[in-house]
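Here is the structure we will look at, set down as structure tokens.
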Amino acid sequence: MDRAALDELFDYTGWAWDRIARTIDGLPPEAFGRPVAGSGWPALSDCIEHFTAAYDGWLNGDWALNLGPSHYPGDGEGYPGTPELKVWPAMKEYRQAVRAQCREALDSDDGWLFTKGERDYGGGPEVWSPGDVIANLLLHERGHHGDLNTLFHQLGVKSYIIDYRYFLTRRDEFALDSEA
């Protein structure tokens, strides 16, 4: 994936996140960490912790890109479900920190971002560049946006639209299913 595609994917996941955050902001505070049956995730907080901690681990883990210290507030016990991240303001702050670090990595020079090297993430040697790692993280987050939509439905929240076409054509709108 080239720089322009990475930047667009980063912008798209940020745009989608703004709609997700706006939806969570409208929920009662206790809904964020409360168990939700029928989604595959114990709670909204657990799903978001999973993909946010993935950014943190892949960017900062000594087994991955090793860019700096982890921002993770817990000790990893009970993950996902870290008590510190069951509260929406703490999760927003955590996500902001790791996304800012991801943006910094994307702003690195091409020599670092696109140089492939052999890495072993536990399944045997693979050839990846830091840009490949970041693309994987962005696509991983996007994959869990559907899980969040299911969780919102279980909480009685009307669906918001985060389709890529709306990112391209209706970027300034907050569209709901009935308005599409």
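Letters for chains follow the order of the structure tokens (A, B, ...), residue numbers begin at 1 for each chain, and ligand numbers begin at 1 in the order shown.
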
Requested in this report: Give me the residues within 9 Å of Arg103 of chain A as a list in words, counting only C-alpha atoms and dropping any in the same chain fewer than 4 places off.
Outcome: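 Within the cut-off, the hits are Asp7, Phe10, Val98, Arg99, Asp107 and Ser108 of chain A.
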
**Report entry** Who sits within 12 Å of Ala31 of chain A, only C-alpha atoms, same chain under 5 positions skipped, as a PyMOL selection string
**Finding:** chain A and resi 23-26+36+42-45+86-88+151-152+154-157

Output N, CA and C atoms of each residue in that selection to a file, as a PDB file, in the first residue's frame.
```
ATOM      1  N   THR A  23     -21.814   8.579  18.683  1.00  0.00           N
ATOM      2  CA  THR A  23     -22.873   7.666  19.115  1.00  0.00           C
ATOM      3  C   THR A  23     -22.677   7.278  20.580  1.00  0.00           C
ATOM      4  N   ILE A  24     -21.455   6.953  20.969  1.00  0.00           N
ATOM      5  CA  ILE A  24     -21.184   6.585  22.365  1.00  0.00           C
ATOM      6  C   ILE A  24     -21.418   7.777  23.284  1.00  0.00           C
ATOM      7  N   ASP A  25     -21.045   8.970  22.842  1.00  0.00           N
ATOM      8  CA  ASP A  25     -21.285  10.170  23.651  1.00  0.00           C
ATOM      9  C   ASP A  25     -22.765  10.329  23.995  1.00  0.00           C
ATOM     10  N   GLY A  26     -23.660   9.830  23.127  1.00  0.00           N
ATOM     11  CA  GLY A  26     -25.098   9.945  23.356  1.00  0.00           C
ATOM     12  C   GLY A  26     -25.680   8.865  24.247  1.00  0.00           C
ATOM     13  N   VAL A  36     -23.310  -6.676  27.190  1.00  0.00           N
ATOM     14  CA  VAL A  36     -24.337  -6.651  26.150  1.00  0.00           C
ATOM     15  C   VAL A  36     -24.414  -8.061  25.568  1.00  0.00           C
ATOM     16  N   PRO A  42     -18.222  -8.954  25.225  1.00  0.00           N
ATOM     17  CA  PRO A  42     -18.900  -8.697  26.500  1.00  0.00           C
ATOM     18  C   PRO A  42     -19.521  -7.297  26.583  1.00  0.00           C
ATOM     19  N   ALA A  43     -18.825  -6.279  26.043  1.00  0.00           N
ATOM     20  CA  ALA A  43     -19.301  -4.891  26.148  1.00  0.00           C
ATOM     21  C   ALA A  43     -18.658  -4.058  25.042  1.00  0.00           C
ATOM     22  N   LEU A  44     -19.221  -2.885  24.796  1.00  0.00           N
ATOM     23  CA  LEU A  44     -18.612  -1.935  23.855  1.00  0.00           C
ATOM     24  C   LEU A  44     -17.147  -1.701  24.203  1.00  0.00           C
ATOM     25  N   SER A  45     -16.897  -1.508  25.491  1.00  0.00           N
ATOM     26  CA  SER A  45     -15.536  -1.195  25.935  1.00  0.00           C
ATOM     27  C   SER A  45     -14.549  -2.300  25.569  1.00  0.00           C
ATOM     28  N   LYS A  86     -12.990   0.646  31.067  1.00  0.00           N
ATOM     29  CA  LYS A  86     -14.443   0.452  31.062  1.00  0.00           C
ATOM     30  C   LYS A  86     -15.173   1.786  31.112  1.00  0.00           C
ATOM     31  N   VAL A  87     -14.415   2.864  31.256  1.00  0.00           N
ATOM     32  CA  VAL A  87     -14.976   4.214  31.363  1.00  0.00           C
ATOM     33  C   VAL A  87     -14.677   4.943  30.054  1.00  0.00           C
ATOM     34  N   TRP A  88     -15.707   5.484  29.422  1.00  0.00           N
ATOM     35  CA  TRP A  88     -15.581   6.086  28.101  1.00  0.00           C
ATOM     36  C   TRP A  88     -14.539   7.199  28.019  1.00  0.00           C
ATOM     37  N   LEU A 151     -23.240  -4.219  18.542  1.00  0.00           N
ATOM     38  CA  LEU A 151     -23.369  -3.838  19.953  1.00  0.00           C
ATOM     39  C   LEU A 151     -24.342  -2.672  20.110  1.00  0.00           C
ATOM     40  N   PHE A 152     -24.245  -1.689  19.237  1.00  0.00           N
ATOM     41  CA  PHE A 152     -25.169  -0.554  19.314  1.00  0.00           C
ATOM     42  C   PHE A 152     -26.608  -1.016  19.117  1.00  0.00           C
ATOM     43  N   GLN A 154     -27.837  -3.894  19.858  1.00  0.00           N
ATOM     44  CA  GLN A 154     -28.235  -4.583  21.087  1.00  0.00           C
ATOM     45  C   GLN A 154     -28.576  -3.582  22.196  1.00  0.00           C
ATOM     46  N   LEU A 155     -27.989  -2.409  22.123  1.00  0.00           N
ATOM     47  CA  LEU A 155     -28.280  -1.353  23.102  1.00  0.00           C
ATOM     48  C   LEU A 155     -29.449  -0.470  22.663  1.00  0.00           C
ATOM     49  N   GLY A 156     -30.062  -0.791  21.519  1.00  0.00           N
ATOM     50  CA  GLY A 156     -31.210  -0.033  21.037  1.00  0.00           C
ATOM     51  C   GLY A 156     -30.868   1.236  20.282  1.00  0.00           C
ATOM     52  N   VAL A 157     -29.622   1.354  19.821  1.00  0.00           N
ATOM     53  CA  VAL A 157     -29.186   2.551  19.099  1.00  0.00           C
ATOM     54  C   VAL A 157     -29.412   2.345  17.607  1.00  0.00           C
TER      55      VAL A 157
END
```

Requested in this report: Write out as a ChimeraX atom specification each polymer residue whose atoms come within 12 Å of Leu138 of chain A, counting only C-alpha atoms; drop sequence neighbours fewer than 4 positions from it.
Outcome: /A:1,5-14,16-17,51-52,54-55,58,98-99,102-103,106,131-134,142-145

Selection file, N, CA and C atoms, as a tab-separated table (two decimals), in the first residue's frame:
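Now in part22.tsv:
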```tsv
chain	number	residue	atom	x	y	z
A	1	MET	N	0.86	-1.17	0.00
A	1	MET	CA	0.00	0.00	0.00
A	1	MET	C	0.90	1.23	0.00
A	5	ALA	N	-2.57	5.87	-0.16
A	5	ALA	CA	-3.59	4.91	0.27
A	5	ALA	C	-3.59	4.78	1.79
A	6	LEU	N	-2.42	4.73	2.41
A	6	LEU	CA	-2.35	4.67	3.87
A	6	LEU	C	-2.97	5.91	4.50
A	7	ASP	N	-2.65	7.08	3.96
A	7	ASP	CA	-3.22	8.32	4.49
A	7	ASP	C	-4.74	8.33	4.35
A	8	GLU	N	-5.24	7.87	3.21
A	8	GLU	CA	-6.69	7.85	3.02
A	8	GLU	C	-7.35	6.86	3.97
A	9	LEU	N	-6.75	5.70	4.16
A	9	LEU	CA	-7.31	4.72	5.09
A	9	LEU	C	-7.28	5.24	6.52
A	10	PHE	N	-6.21	5.93	6.89
A	10	PHE	CA	-6.13	6.54	8.22
A	10	PHE	C	-7.24	7.58	8.37
A	11	ASP	N	-7.41	8.43	7.37
A	11	ASP	CA	-8.45	9.46	7.42
A	11	ASP	C	-9.84	8.83	7.49
A	12	TYR	N	-10.05	7.78	6.71
A	12	TYR	CA	-11.35	7.11	6.71
A	12	TYR	C	-11.67	6.49	8.07
A	13	THR	N	-10.71	5.78	8.67
A	13	THR	CA	-10.99	5.18	9.98
A	13	THR	C	-11.19	6.27	11.03
A	14	GLY	N	-10.51	7.40	10.89
A	14	GLY	CA	-10.74	8.52	11.80
A	14	GLY	C	-12.13	9.12	11.62
A	16	ALA	N	-14.79	7.52	10.45
A	16	ALA	CA	-15.73	6.55	11.00
A	16	ALA	C	-15.72	6.61	12.52
A	17	TRP	N	-14.53	6.72	13.11
A	17	TRP	CA	-14.42	6.80	14.56
A	17	TRP	C	-15.17	8.00	15.11
A	51	PHE	N	-9.20	-3.44	19.63
A	51	PHE	CA	-8.52	-2.88	18.46
A	51	PHE	C	-7.63	-1.70	18.81
A	52	THR	N	-7.91	-1.02	19.92
A	52	THR	CA	-7.05	0.08	20.34
A	52	THR	C	-5.74	-0.47	20.92
A	54	ALA	N	-4.44	-3.19	20.07
A	54	ALA	CA	-3.68	-3.73	18.94
A	54	ALA	C	-2.76	-2.65	18.36
A	55	TYR	N	-3.29	-1.42	18.20
A	55	TYR	CA	-2.42	-0.32	17.75
A	55	TYR	C	-1.23	-0.19	18.70
A	58	TRP	N	1.28	-3.26	18.48
A	58	TRP	CA	2.04	-3.34	17.22
A	58	TRP	C	2.94	-2.13	17.03
A	98	VAL	N	-2.82	6.51	21.05
A	98	VAL	CA	-2.26	5.55	20.10
A	98	VAL	C	-2.49	5.97	18.65
A	99	ARG	N	-3.61	6.64	18.37
A	99	ARG	CA	-3.83	7.13	17.00
A	99	ARG	C	-2.85	8.26	16.67
A	102	CYS	N	0.27	6.60	15.79
A	102	CYS	CA	0.14	6.00	14.47
A	102	CYS	C	0.33	7.08	13.39
A	103	ARG	N	-0.26	8.25	13.60
A	103	ARG	CA	-0.10	9.36	12.65
A	103	ARG	C	1.36	9.77	12.54
A	106	LEU	N	3.10	7.31	10.41
A	106	LEU	CA	2.76	7.52	9.01
A	106	LEU	C	3.50	8.71	8.41
A	131	GLY	N	4.91	0.27	7.14
A	131	GLY	CA	3.67	0.66	6.46
A	131	GLY	C	2.69	-0.49	6.36
A	132	ASP	N	3.20	-1.71	6.14
A	132	ASP	CA	2.33	-2.89	6.11
A	132	ASP	C	1.69	-3.12	7.47
A	133	VAL	N	2.46	-2.95	8.53
A	133	VAL	CA	1.94	-3.11	9.89
A	133	VAL	C	0.82	-2.10	10.13
A	134	ILE	N	1.04	-0.86	9.74
A	134	ILE	CA	0.03	0.19	9.94
A	134	ILE	C	-1.22	-0.10	9.11
A	142	ARG	N	-11.12	-1.34	11.18
A	142	ARG	CA	-12.30	-1.27	10.30
A	142	ARG	C	-13.11	-2.55	10.40
A	143	GLY	N	-12.47	-3.68	10.51
A	143	GLY	CA	-13.18	-4.95	10.64
A	143	GLY	C	-14.05	-5.00	11.88
A	144	HIS	N	-13.65	-4.33	12.93
A	144	HIS	CA	-14.44	-4.34	14.17
A	144	HIS	C	-15.52	-3.28	14.21
A	145	HIS	N	-15.57	-2.39	13.22
A	145	HIS	CA	-16.65	-1.41	13.19
A	145	HIS	C	-18.01	-2.10	13.07
```

Query raised in the report: Quick one: residues within 10 Å of Arg119 of chain A, only C-alpha atoms counted, chain neighbours fewer than 4 positions away excluded, as a PyMOL selection string?
Result: chain A and resi 63-65+123-129

Query - Residues of segment 54-146 of chain A in alpha helix (DSSP H), written as a PyMOL selection string - result: chain A and resi 54-60+88-106+110-113+130-146

Query - Within 12 Å of Met91 of chain A using only C-alpha atoms, minus same-chain residues under 4 positions, as a ChimeraX atom specification - result: /A:21,24-25,32-33,44-53,71-74,81-87,95-98

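When only C-alpha atoms are used to compute distances to Glu118 of chain A, the closest of the residues A:Glu93, A:Leu168, A:Pro130, A:Gly61 turns out to be A:Pro130.
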
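With distances restricted to only C-alpha atoms, A:Asn149 is the closest residue to Trp41 of chain A from A:Gly57, A:Asn149, A:Gly117, A:Leu137.
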